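Structure file final.tsv (TSV, C-alpha atoms) is printed below.
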chain	number	residue	atom	x	y	z
A	270	MET	CA	0.00	0.00	0.00
A	271	SER	CA	1.33	3.45	-0.89
A	272	TYR	CA	0.95	6.42	1.42
A	273	GLN	CA	0.77	10.19	1.10
A	274	LYS	CA	2.37	12.55	3.60
A	275	PHE	CA	1.26	16.11	4.31
A	276	LYS	CA	2.70	18.86	6.50
A	277	ALA	CA	2.26	22.60	6.85
A	278	ASP	CA	3.20	25.43	9.21
A	279	TYR	CA	0.29	24.23	11.36
A	280	LEU	CA	-1.81	21.06	11.39
A	281	PHE	CA	-5.31	21.25	12.87
A	282	ASP	CA	-6.46	17.70	13.61
A	283	GLY	CA	-10.09	18.56	14.45
A	284	TYR	CA	-9.40	19.13	18.14
A	285	GLN	CA	-6.06	20.87	18.55
A	286	LEU	CA	-3.50	22.86	16.61
A	287	LEU	CA	-0.23	21.00	16.03
A	288	ASP	CA	3.04	22.58	14.91
A	289	SER	CA	5.10	22.16	11.74
A	290	ASN	CA	6.81	19.03	13.07
A	291	SER	CA	3.59	17.04	12.65
A	292	VAL	CA	3.02	15.01	9.48
A	293	LEU	CA	-0.35	13.62	8.40
A	294	ILE	CA	-0.21	10.18	6.78
A	295	THR	CA	-3.05	8.92	4.57
A	296	ASN	CA	-3.45	6.22	1.98
A	297	GLU	CA	-4.09	7.15	-1.66
A	298	GLN	CA	-7.85	7.44	-1.01
A	299	GLY	CA	-7.26	9.95	1.78
A	300	ILE	CA	-8.08	7.58	4.64
A	301	VAL	CA	-6.12	8.71	7.68
A	302	GLN	CA	-3.43	6.33	8.94
A	303	GLU	CA	-1.71	8.42	11.63
A	304	ILE	CA	-0.06	11.70	12.56
A	305	ILE	CA	3.65	11.33	13.31
A	306	HIS	CA	6.71	13.51	13.99
A	307	GLN	CA	8.57	14.74	10.93
A	308	GLU	CA	11.74	12.90	12.00
A	309	ASP	CA	9.87	9.59	11.66
A	310	ALA	CA	8.07	10.39	8.41
A	311	GLY	CA	10.83	9.74	5.89
A	312	ASP	CA	10.87	11.30	2.42
A	313	ASP	CA	8.27	12.50	-0.09
A	314	ILE	CA	6.46	14.83	2.35
A	315	GLN	CA	4.16	17.33	0.63
A	316	GLN	CA	4.75	20.77	2.18
A	317	PHE	CA	2.05	23.46	2.36
A	318	GLU	CA	2.09	27.08	3.45
A	319	GLY	CA	-0.30	28.02	6.26
A	320	MET	CA	-2.49	25.36	7.82
A	321	LEU	CA	-3.97	21.96	6.98
A	322	SER	CA	-7.42	21.12	8.33
A	323	PRO	CA	-10.05	18.41	7.92
A	324	GLY	CA	-12.71	19.29	5.36
A	325	PHE	CA	-15.37	21.80	6.40
A	326	ILE	CA	-18.94	20.85	7.34
A	327	ASN	CA	-21.66	23.21	6.09
A	328	CYS	CA	-24.51	22.50	8.51
A	329	HIS	CA	-27.13	24.69	6.85
A	330	CYS	CA	-27.66	25.34	3.16
A	331	HIS	CA	-30.53	25.71	0.69
A	332	LEU	CA	-28.88	24.33	-2.45
A	333	GLU	CA	-32.21	24.41	-4.28
A	334	LEU	CA	-32.24	28.25	-4.09
A	335	SER	CA	-28.87	28.69	-5.83
A	336	HIS	CA	-30.56	30.15	-8.92
A	337	MET	CA	-31.70	33.12	-6.78
A	338	ARG	CA	-28.18	34.47	-6.33
A	339	GLY	CA	-28.37	38.26	-6.24
A	340	LEU	CA	-32.10	38.39	-6.98
A	341	ILE	CA	-33.19	39.62	-3.53
A	342	PRO	CA	-31.75	42.96	-2.35
A	343	GLU	CA	-29.69	43.04	0.83
A	344	LYS	CA	-31.13	44.15	4.17
A	345	THR	CA	-34.80	43.65	3.26
A	346	GLY	CA	-35.59	42.19	6.69
A	347	LEU	CA	-36.74	38.61	7.14
A	348	VAL	CA	-40.45	39.07	6.42
A	349	ASP	CA	-39.91	40.65	3.02
A	350	PHE	CA	-37.07	38.22	2.27
A	351	VAL	CA	-39.30	35.20	2.95
A	352	PHE	CA	-42.10	36.69	0.86
A	353	LYS	CA	-39.72	37.20	-2.08
A	354	VAL	CA	-38.37	33.64	-1.81
A	355	VAL	CA	-41.91	32.25	-1.90
A	356	THR	CA	-43.08	34.43	-4.80
A	357	GLU	CA	-39.93	34.79	-6.93
A	358	ARG	CA	-38.20	31.38	-6.74
A	359	HIS	CA	-39.63	29.99	-9.98
A	360	GLN	CA	-37.29	29.73	-12.98
A	361	SER	CA	-36.77	27.18	-15.75
A	362	GLU	CA	-35.64	23.72	-14.70
A	363	GLU	CA	-32.48	24.12	-16.78
A	364	GLN	CA	-31.50	27.32	-14.96
A	365	ILE	CA	-32.20	25.77	-11.56
A	366	LEU	CA	-30.19	22.60	-12.24
A	367	GLN	CA	-27.27	24.54	-13.69
A	368	ALA	CA	-27.17	26.86	-10.68
A	369	ILE	CA	-27.26	23.86	-8.30
A	370	ALA	CA	-24.29	22.28	-10.09
A	371	HIS	CA	-22.28	25.51	-9.96
A	372	ALA	CA	-23.09	26.03	-6.28
A	373	GLU	CA	-22.00	22.52	-5.35
A	374	ALA	CA	-18.74	22.98	-7.28
A	375	GLU	CA	-18.17	26.22	-5.36
A	376	MET	CA	-18.55	24.37	-2.06
A	377	VAL	CA	-16.13	21.63	-3.14
A	378	ASP	CA	-13.57	24.23	-4.25
A	379	ASN	CA	-13.93	26.02	-0.89
A	380	GLY	CA	-13.06	22.91	1.12
A	381	ILE	CA	-16.58	21.83	2.11
A	382	VAL	CA	-17.02	18.06	2.33
A	383	ALA	CA	-20.52	17.69	3.84
A	384	VAL	CA	-23.73	19.70	3.80
A	385	GLY	CA	-26.90	19.83	5.86
A	386	ASP	CA	-29.23	20.73	2.99
A	387	ILE	CA	-32.80	21.99	3.23
A	388	CYS	CA	-35.07	20.40	0.61
A	389	ASN	CA	-38.55	21.66	-0.28
A	390	ASN	CA	-38.58	19.70	-3.53
A	391	THR	CA	-36.51	17.10	-5.41
A	392	SER	CA	-34.54	19.50	-7.65
A	393	THR	CA	-31.17	18.72	-6.03
A	394	ILE	CA	-31.37	14.94	-6.44
A	395	HIS	CA	-29.75	14.88	-9.90
A	396	GLN	CA	-26.64	16.63	-8.58
A	397	LYS	CA	-26.48	14.67	-5.35
A	398	GLN	CA	-26.47	11.39	-7.28
A	399	LYS	CA	-22.99	12.35	-8.53
A	400	ASN	CA	-21.72	11.79	-4.96
A	401	ASN	CA	-19.40	14.80	-4.87
A	402	LEU	CA	-20.26	15.60	-1.23
A	403	TYR	CA	-21.82	14.02	1.82
A	404	TYR	CA	-25.37	15.31	2.41
A	405	TYR	CA	-27.80	15.25	5.27
A	406	ASN	CA	-31.06	16.02	3.47
A	407	PHE	CA	-33.62	17.80	5.62
A	408	ILE	CA	-37.04	17.52	3.93
A	409	GLU	CA	-38.57	20.77	5.10
A	410	VAL	CA	-42.22	21.09	6.08
A	411	SER	CA	-44.23	24.26	6.64
A	412	GLY	CA	-47.90	25.07	6.98
A	413	TRP	CA	-49.25	27.73	9.32
A	414	LEU	CA	-52.95	27.07	8.80
A	415	PRO	CA	-54.22	24.09	10.83
A	416	GLU	CA	-56.51	22.90	8.05
A	417	ILE	CA	-53.63	22.29	5.62
A	418	ALA	CA	-51.45	20.32	8.08
A	419	GLU	CA	-52.21	16.87	6.69
A	420	THR	CA	-51.85	17.97	3.05
A	421	ARG	CA	-48.45	19.58	3.71
A	422	PHE	CA	-47.22	16.61	5.71
A	423	LEU	CA	-48.24	14.14	3.00
A	424	LYS	CA	-46.55	16.22	0.30
A	425	SER	CA	-43.28	16.36	2.22
A	426	SER	CA	-43.57	12.65	2.95
A	427	GLU	CA	-43.72	12.05	-0.81
A	428	PHE	CA	-40.46	13.98	-1.25
A	429	TYR	CA	-38.95	12.03	1.63
A	430	ASN	CA	-39.84	8.73	-0.02
A	431	VAL	CA	-38.39	9.82	-3.36
A	432	PHE	CA	-35.06	10.61	-1.67
A	433	ARG	CA	-35.15	7.39	0.34
A	434	GLN	CA	-35.71	5.17	-2.69
A	435	LEU	CA	-32.80	6.58	-4.67
A	436	THR	CA	-29.35	5.06	-4.46
A	437	ILE	CA	-27.43	8.14	-3.34
A	438	ASP	CA	-24.28	7.21	-1.48
A	439	ASN	CA	-23.14	9.23	1.52
A	440	CYS	CA	-26.58	10.71	2.17
A	441	GLN	CA	-28.75	10.74	5.28
A	442	LEU	CA	-32.35	11.86	5.47
A	443	SER	CA	-34.95	13.26	7.86
A	444	ILE	CA	-37.98	15.55	7.99
A	445	ALA	CA	-37.58	19.04	9.46
A	446	PRO	CA	-39.98	21.86	10.42
A	447	HIS	CA	-39.27	25.19	8.77
A	448	ALA	CA	-39.72	27.61	11.68
A	449	PRO	CA	-41.93	28.23	14.73
A	450	TYR	CA	-43.92	30.88	12.85
A	451	SER	CA	-44.73	28.57	9.91
A	452	VAL	CA	-45.78	25.30	11.60
A	453	SER	CA	-49.20	24.89	13.20
A	454	GLU	CA	-49.82	22.76	16.28
A	455	ASN	CA	-51.69	20.28	14.05
A	456	LEU	CA	-48.63	19.94	11.84
A	457	TRP	CA	-46.30	19.58	14.84
A	458	GLN	CA	-48.33	16.57	15.98
A	459	LEU	CA	-47.74	14.88	12.62
A	460	LEU	CA	-44.05	15.76	12.57
A	461	GLU	CA	-43.04	14.67	16.09
A	462	PRO	CA	-42.91	10.90	15.47
A	463	THR	CA	-40.59	11.39	12.48
A	464	PHE	CA	-37.87	12.96	14.66
A	465	GLU	CA	-37.21	9.83	16.69
A	466	ASN	CA	-33.47	8.96	16.74
A	467	LYS	CA	-32.92	11.36	13.83
A	468	THR	CA	-31.11	14.63	13.37
A	469	THR	CA	-33.49	17.45	12.50
A	470	THR	CA	-33.29	21.23	12.22
A	471	ILE	CA	-35.34	24.41	12.50
A	472	HIS	CA	-34.82	28.10	11.69
A	473	ASN	CA	-34.73	29.77	15.10
A	474	GLN	CA	-35.16	33.39	16.20
A	475	GLU	CA	-33.85	34.81	12.93
A	476	THR	CA	-35.72	38.04	13.63
A	477	ALA	CA	-36.89	39.79	16.80
A	478	PHE	CA	-40.47	39.59	15.51
A	479	GLU	CA	-40.49	35.84	16.04
A	480	ASP	CA	-40.55	36.24	19.83
A	481	ASP	CA	-43.05	39.10	19.52
A	482	LEU	CA	-45.48	36.74	17.82
A	483	PHE	CA	-45.33	34.08	20.51
A	484	LEU	CA	-45.16	36.44	23.47
A	485	THR	CA	-47.90	38.91	22.53
A	486	LYS	CA	-49.13	38.16	18.97
A	487	THR	CA	-47.57	41.37	17.69
A	488	GLY	CA	-44.74	42.29	15.34
A	489	ASP	CA	-44.01	42.10	11.63
A	490	PHE	CA	-45.13	38.50	11.15
A	491	ILE	CA	-48.70	39.78	11.42
A	492	ARG	CA	-47.96	41.80	8.27
A	493	MET	CA	-46.50	38.71	6.58
A	494	TYR	CA	-49.64	36.67	7.22
A	495	GLU	CA	-51.69	39.53	5.77
A	496	MET	CA	-49.42	39.70	2.69
A	497	MET	CA	-49.87	35.95	2.20
A	498	LYS	CA	-53.63	36.25	2.86
A	499	LEU	CA	-53.48	33.83	5.79
A	500	ASP	CA	-56.15	34.01	8.49
A	501	ASN	CA	-54.19	34.16	11.75
A	502	SER	CA	-57.19	34.42	14.07
A	503	PHE	CA	-56.74	30.83	15.34
A	504	PHE	CA	-53.33	31.51	16.88
A	505	MET	CA	-53.07	32.20	20.59
A	506	PRO	CA	-49.75	33.51	21.98
A	507	THR	CA	-47.94	31.26	24.45
A	508	GLY	CA	-46.39	34.04	26.54
A	509	LYS	CA	-43.00	32.38	26.01
A	510	SER	CA	-40.21	32.83	23.50
A	511	SER	CA	-40.67	31.08	20.17
A	512	LEU	CA	-37.89	28.61	21.03
A	513	GLN	CA	-39.35	27.63	24.40
A	514	SER	CA	-42.80	27.42	22.82
A	515	VAL	CA	-41.78	24.66	20.40
A	516	PHE	CA	-38.84	23.05	22.22
A	517	HIS	CA	-40.84	20.13	23.61
A	518	HIS	CA	-41.67	18.87	20.12
A	519	PHE	CA	-38.06	17.70	19.67
A	520	LYS	CA	-38.02	15.37	22.68
A	521	LYS	CA	-37.54	12.24	20.49
A	522	ALA	CA	-34.83	13.65	18.20
A	523	LYS	CA	-31.21	12.55	18.47
A	524	ASN	CA	-29.77	15.94	17.48
A	525	THR	CA	-31.52	19.23	16.70
A	526	LEU	CA	-29.85	22.11	14.87
A	527	LEU	CA	-31.14	25.54	15.86
A	528	VAL	CA	-30.26	27.69	12.86
A	529	HIS	CA	-29.44	31.43	12.89
A	530	ASN	CA	-30.26	32.34	16.53
A	531	THR	CA	-29.76	35.97	15.59
A	532	PHE	CA	-32.05	37.26	18.32
A	533	ILE	CA	-31.80	34.46	20.89
A	534	LYS	CA	-31.88	35.72	24.49
A	535	GLU	CA	-29.77	34.75	27.48
A	536	ALA	CA	-32.70	32.92	29.08
A	537	ASP	CA	-33.10	30.71	26.00
A	538	ILE	CA	-29.39	29.92	25.85
A	539	SER	CA	-29.45	28.89	29.51
A	540	PHE	CA	-32.59	26.83	28.86
A	541	VAL	CA	-30.97	24.91	25.97
A	542	ASN	CA	-27.58	24.50	27.64
A	543	SER	CA	-29.18	23.10	30.78
A	544	PHE	CA	-31.02	20.56	28.66
A	545	ASN	CA	-27.82	19.57	26.83
A	546	GLN	CA	-26.00	18.97	30.11
A	547	ASN	CA	-28.72	16.69	31.48
A	548	ASN	CA	-29.68	14.63	28.43
A	549	SER	CA	-28.05	12.42	25.83
A	550	GLN	CA	-30.00	14.30	23.17
A	551	GLN	CA	-28.11	17.36	21.89
A	552	PHE	CA	-29.10	20.76	20.53
A	553	PHE	CA	-26.59	22.63	18.34
A	554	TYR	CA	-26.49	26.34	17.53
A	555	CYS	CA	-25.83	26.82	13.81
A	556	LEU	CA	-24.41	30.26	12.95
A	557	CYS	CA	-24.93	31.72	9.47
A	558	VAL	CA	-23.49	35.17	10.12
A	559	ARG	CA	-23.16	36.36	6.54
A	560	ALA	CA	-26.81	35.53	5.82
A	561	ASN	CA	-27.82	37.42	8.97
A	562	ASN	CA	-25.88	40.41	7.67
A	563	TYR	CA	-27.42	40.03	4.21
A	564	ILE	CA	-31.03	39.81	5.41
A	565	GLU	CA	-31.29	41.65	8.73
A	566	HIS	CA	-27.97	43.54	8.91
A	567	ALA	CA	-27.50	41.88	12.30
A	568	ASN	CA	-25.18	39.40	14.02
A	569	PRO	CA	-26.07	36.54	16.37
A	570	PRO	CA	-24.96	37.03	20.01
A	571	VAL	CA	-21.73	35.07	19.69
A	572	GLY	CA	-20.49	36.69	22.90
A	573	ARG	CA	-23.35	35.04	24.81
A	574	LEU	CA	-23.04	31.68	23.10
A	575	PHE	CA	-19.26	31.45	23.49
A	576	PRO	CA	-17.85	30.21	25.81
A	577	SER	CA	-21.11	29.09	27.46
A	578	THR	CA	-21.39	26.16	25.04
A	579	ASN	CA	-19.26	24.15	22.65
A	580	ASN	CA	-22.28	23.01	20.61
A	581	ILE	CA	-21.75	25.61	17.88
A	582	VAL	CA	-21.61	24.76	14.18
A	583	ILE	CA	-21.42	26.79	10.96
A	584	GLY	CA	-23.69	27.16	7.92
A	585	THR	CA	-23.76	29.30	4.79
A	586	ASP	CA	-27.52	29.50	4.18
A	587	SER	CA	-28.34	29.94	0.48
A	588	LEU	CA	-27.03	32.01	-2.41
A	589	ALA	CA	-30.33	33.90	-2.17
A	590	SER	CA	-29.07	35.27	1.16
A	591	ASN	CA	-25.28	35.15	0.90
A	592	TRP	CA	-22.49	36.32	-1.37
A	593	SER	CA	-20.72	32.93	-1.36
A	594	LEU	CA	-20.95	29.34	-0.14
A	595	SER	CA	-17.73	29.35	1.86
A	596	ILE	CA	-17.30	28.20	5.43
A	597	LEU	CA	-14.00	30.07	5.60
A	598	ASP	CA	-15.81	33.31	4.67
A	599	GLU	CA	-18.19	32.63	7.57
A	600	LEU	CA	-15.26	32.10	9.96
A	601	LYS	CA	-13.54	35.28	8.76
A	602	THR	CA	-16.74	37.27	9.33
A	603	ILE	CA	-17.08	35.88	12.85
A	604	ARG	CA	-13.43	36.66	13.50
A	605	GLN	CA	-13.87	40.22	12.24
A	606	ASN	CA	-16.92	40.90	14.42
A	607	PHE	CA	-15.97	38.77	17.43
A	608	PRO	CA	-12.14	38.78	17.62
A	609	PHE	CA	-12.17	37.20	21.10
A	610	VAL	CA	-13.13	33.79	19.63
A	611	PRO	CA	-9.89	31.80	19.16
A	612	THR	CA	-9.12	30.29	15.77
A	613	LEU	CA	-8.99	26.88	17.44
A	614	ASN	CA	-12.66	27.12	18.40
A	615	LEU	CA	-13.69	28.46	15.00
A	616	LEU	CA	-12.05	25.49	13.32
A	617	GLN	CA	-13.71	23.05	15.73
A	618	TRP	CA	-17.11	24.58	14.91
A	619	ALA	CA	-16.41	24.14	11.19
A	620	THR	CA	-15.17	20.53	11.39
A	621	ILE	CA	-15.68	18.07	14.24
A	622	ASN	CA	-18.69	19.88	15.71
A	623	GLY	CA	-20.44	19.93	12.35
A	624	ALA	CA	-19.68	16.24	11.86
A	625	ARG	CA	-21.16	15.47	15.29
A	626	ALA	CA	-24.27	17.54	14.59
A	627	LEU	CA	-24.94	15.78	11.27
A	628	ASN	CA	-24.11	12.34	12.70
A	629	MET	CA	-21.08	12.01	10.41
A	630	GLN	CA	-18.35	11.92	13.06
A	631	GLN	CA	-17.40	8.34	12.16
A	632	GLN	CA	-16.18	9.44	8.73
A	633	LEU	CA	-15.54	13.19	8.85
A	634	GLY	CA	-14.48	16.11	10.99
A	635	SER	CA	-11.02	15.10	12.26
A	636	PHE	CA	-7.75	13.44	11.31
A	637	GLU	CA	-8.30	10.19	13.20
A	638	LYS	CA	-7.27	6.74	12.01
A	639	GLY	CA	-9.77	5.21	9.60
A	640	LYS	CA	-11.57	8.48	8.78
A	641	GLN	CA	-11.68	10.04	5.32
A	642	PRO	CA	-12.36	13.68	6.21
A	643	GLY	CA	-10.81	15.42	3.21
A	644	ILE	CA	-7.91	17.86	3.56
A	645	VAL	CA	-8.12	21.64	3.26
A	646	ASN	CA	-5.18	24.03	3.00
A	647	ILE	CA	-5.85	27.41	4.65
A	648	ARG	CA	-3.24	29.82	3.32
A	649	HIS	CA	-2.26	33.31	4.45
A	650	THR	CA	-2.74	32.65	8.13
A	651	GLU	CA	-1.10	34.88	10.74
A	652	ASN	CA	0.73	32.98	13.49
A	653	GLY	CA	-1.72	30.13	13.12
A	654	ASN	CA	-4.76	32.42	13.11
A	655	ILE	CA	-7.32	32.97	10.36
A	656	SER	CA	-6.92	36.42	8.80
A	657	GLN	CA	-9.03	38.42	6.36
A	658	ARG	CA	-6.49	37.40	3.68
A	659	SER	CA	-6.90	33.68	4.33
A	660	ILE	CA	-8.10	31.47	1.50
A	661	ALA	CA	-9.11	27.81	1.52
A	662	GLN	CA	-8.16	25.29	-1.14
A	663	THR	CA	-9.09	21.62	-1.30
A	664	VAL	CA	-6.04	19.35	-1.16
A	665	LYS	CA	-7.85	16.01	-0.93
A	666	LYS	CA	-11.54	15.50	-1.69
A	667	VAL	CA	-13.57	13.42	0.67
A	668	ILE	CA	-15.15	11.20	-2.01
I need this file expressed as structure tokens, please.
Amino acid sequence: MSYQKFKADYLFDGYQLLDSNSVLITNEQGIVQEIIHQEDAGDDIQQFEGMLSPGFINCHCHLELSHMRGLIPEKTGLVDFVFKVVTERHQSEEQILQAIAHAEAEMVDNGIVAVGDICNNTSTIHQKQKNNLYYYNFIEVSGWLPEIAETRFLKSSEFYNVFRQLTIDNCQLSIAPHAPYSVSENLWQLLEPTFENKTTTIHNQETAFEDDLFLTKTGDFIRMYEMMKLDNSFFMPTGKSSLQSVFHHFKKAKNTLLVHNTFIKEADISFVNSFNQNNSQQFFYCLCVRANNYIEHANPPVGRLFPSTNNIVIGTDSLASNWSLSILDELKTIRQNFPFVPTLNLLQWATINGARALNMQQQLGSFEKGKQPGIVNIRHTENGNISQRSIAQTVKKVI
């Protein structure tokens, strides 16, 4: 068996940052054999500038919206953004499929090896069958009116079954609710049994108006329901935050990704963290900072989340709400706005944490023997830290 040897100024193994004396050994397929000292590695070592890291995990993406790149203006606010996605997402099948292929290639080029992808239809299946990336497919369900709960659930179940019957390697699958403000109690009752022992996800507190709705039935979502001609008279506020209002529905899930968290409060963070400490089930906070800047011109409270929890992962959201599909761009934006977060933690969020959240830690996320996590070279680092000049380049694909 032949081996490949890789070293750089720094080697991040998924957990810690090792110095330039460390050499990563893989077989030709990129399966990790060991990390050894340079003195014991022999000849034919491939040398890289900067840092080597396991491939990045993109825990939240909407690949099916790639054709909407640049169509929605920045800083519209969430309500108008959602309305535009619903009403302006329709283009020709050829345009949609071409945009999906280009977006996936962009992720591969940027060092991404796995994606938690939101699916409202089957348009991404053709590309996923090429097995360029690992995917966790979240078949998304929404339906605010109680009377349409069964229809919406059955439609999403049809999509779920289409994905399940296809022979797509390296893919996992589950059903996921869209957001607290778009799922009725009737629909929640249908969804709950599907979460059992699965990883699922939900858009959480992406705007301040989400809590307003559940606390007092006020805020801009009332305008959204009016724009969509939805009768909201059935809804009664819970007097609690949106997160605490729907939290109990996830009691059977293995992992739950809370996505965005732009306006999450200290009380909710304490509520979730306490649950994580006392249960085998885990909730993860997925940060999509560039999308939050694009839509709401806001940042999630990273200072509250870190260092109170290590269950943080990274997503890009869609090209309808972001300028790129790059995990490194997300890390650079966090670093720029929250310089107190060490590079070590940022890299953990982008690798091993993401693998854990998507139940892919047996294959991805770290340089451990037997794994095939892909290899990314992060160049233009500064003393082992990510800088605004840093760029990521795939050295070894995962598949």
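Near region 326-333 of chain A, within 7 Å and counting all atoms listed in the file, sit Ile369, Ile381, Val382, Ala383, Val384, Gly385, Asp386, Ile387, Cys388, Ser392, Thr393, Cys555, Val582, Ile583, Gly584, Thr585, Asp586, Ser587, Ile596, Ala619, Thr620, Gly623 and Ala624 of chain A; same-chain residues fewer than 4 positions away were not included.
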Any chance you could export the current selection's C-alpha atoms as a PDB file, in the coordinates of the input?
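Final output, saved to part_2.pdb:
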ATOM      1  CA  ILE A 369     -27.260  23.860  -8.300  1.00  0.00           C
ATOM      2  CA  ILE A 381     -16.580  21.830   2.110  1.00  0.00           C
ATOM      3  CA  VAL A 382     -17.020  18.060   2.330  1.00  0.00           C
ATOM      4  CA  ALA A 383     -20.520  17.690   3.840  1.00  0.00           C
ATOM      5  CA  VAL A 384     -23.730  19.700   3.800  1.00  0.00           C
ATOM      6  CA  GLY A 385     -26.900  19.830   5.860  1.00  0.00           C
ATOM      7  CA  ASP A 386     -29.230  20.730   2.990  1.00  0.00           C
ATOM      8  CA  ILE A 387     -32.800  21.990   3.230  1.00  0.00           C
ATOM      9  CA  CYS A 388     -35.070  20.400   0.610  1.00  0.00           C
ATOM     10  CA  SER A 392     -34.540  19.500  -7.650  1.00  0.00           C
ATOM     11  CA  THR A 393     -31.170  18.720  -6.030  1.00  0.00           C
ATOM     12  CA  CYS A 555     -25.830  26.820  13.810  1.00  0.00           C
ATOM     13  CA  VAL A 582     -21.610  24.760  14.180  1.00  0.00           C
ATOM     14  CA  ILE A 583     -21.420  26.790  10.960  1.00  0.00           C
ATOM     15  CA  GLY A 584     -23.690  27.160   7.920  1.00  0.00           C
ATOM     16  CA  THR A 585     -23.760  29.300   4.790  1.00  0.00           C
ATOM     17  CA  ASP A 586     -27.520  29.500   4.180  1.00  0.00           C
ATOM     18  CA  SER A 587     -28.340  29.940   0.480  1.00  0.00           C
ATOM     19  CA  ILE A 596     -17.300  28.200   5.430  1.00  0.00           C
ATOM     20  CA  ALA A 619     -16.410  24.140  11.190  1.00  0.00           C
ATOM     21  CA  THR A 620     -15.170  20.530  11.390  1.00  0.00           C
ATOM     22  CA  GLY A 623     -20.440  19.930  12.350  1.00  0.00           C
ATOM     23  CA  ALA A 624     -19.680  16.240  11.860  1.00  0.00           C
TER      24      ALA A 624
END
Would you give the centre and edge lengths, in Å to one decimal, of a box along x, y and z around the listed atoms of region 393-404 of chain A, with 6 Å added to each side, as lines of an AutoDock Vina configuration file?
center_x = -25.4
center_y = 15.1
center_z = -3.7
size_x = 24.0
size_y = 19.3
size_z = 24.3
Select all residues near (-13.6, 21.4, -0.6) (cut-off 8 Å, inclusive, file coordinates), counting all atoms listed in the file, and output them as an MDAnalysis selection string. chainID A and resid 324:325 376:382 643:645 662:666
Neighbourhood query: residues within 8 Å of (-31.9, 12.6, 18.7), file coordinates, counting only C-alpha atoms; return as a ChimeraX atom specification. /A:464-468,520-525,550-551
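Relative to CA of Ala448 (chain A), CA of Ala536 (chain A) is found at 19.5 Å.
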Looking at only C-alpha atoms, which of A:Ile394, A:Ala277, A:Val515, A:Ile538 is the one that sits closest to Ser577 (chain A)? A:Ile538
Top pick for closest residue to Val571 (chain A), considering A:Ile294, A:Val354, A:Val541, A:Leu615 and counting all atoms listed in the file: A:Leu615
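Residues lying within 9 Å of region 304-310 of chain A, counting only C-alpha atoms and ignoring same-chain neighbours fewer than 5 positions away, are Lys274, Lys276, Asp282, Ser289, Asn290, Ser291, Val292, Leu293, Ile294, Thr295, Phe636, Glu637 and Lys638 of chain A.
Of the listed residues (A:Met505, A:Gln605, A:Thr470, A:Ser656), A:Thr470 comes nearest to Ala626 (chain A); the distances count only C-alpha atoms.
Between CA of Leu435 (chain A) and CA of Glu362 (chain A) there is a distance of 20.1 Å.
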Given all atoms listed in the file as the basis, pick out the residue of A:Lys640, A:Asn562, A:Asn406, A:Arg338 nearest to Asn296 (chain A). A:Lys640
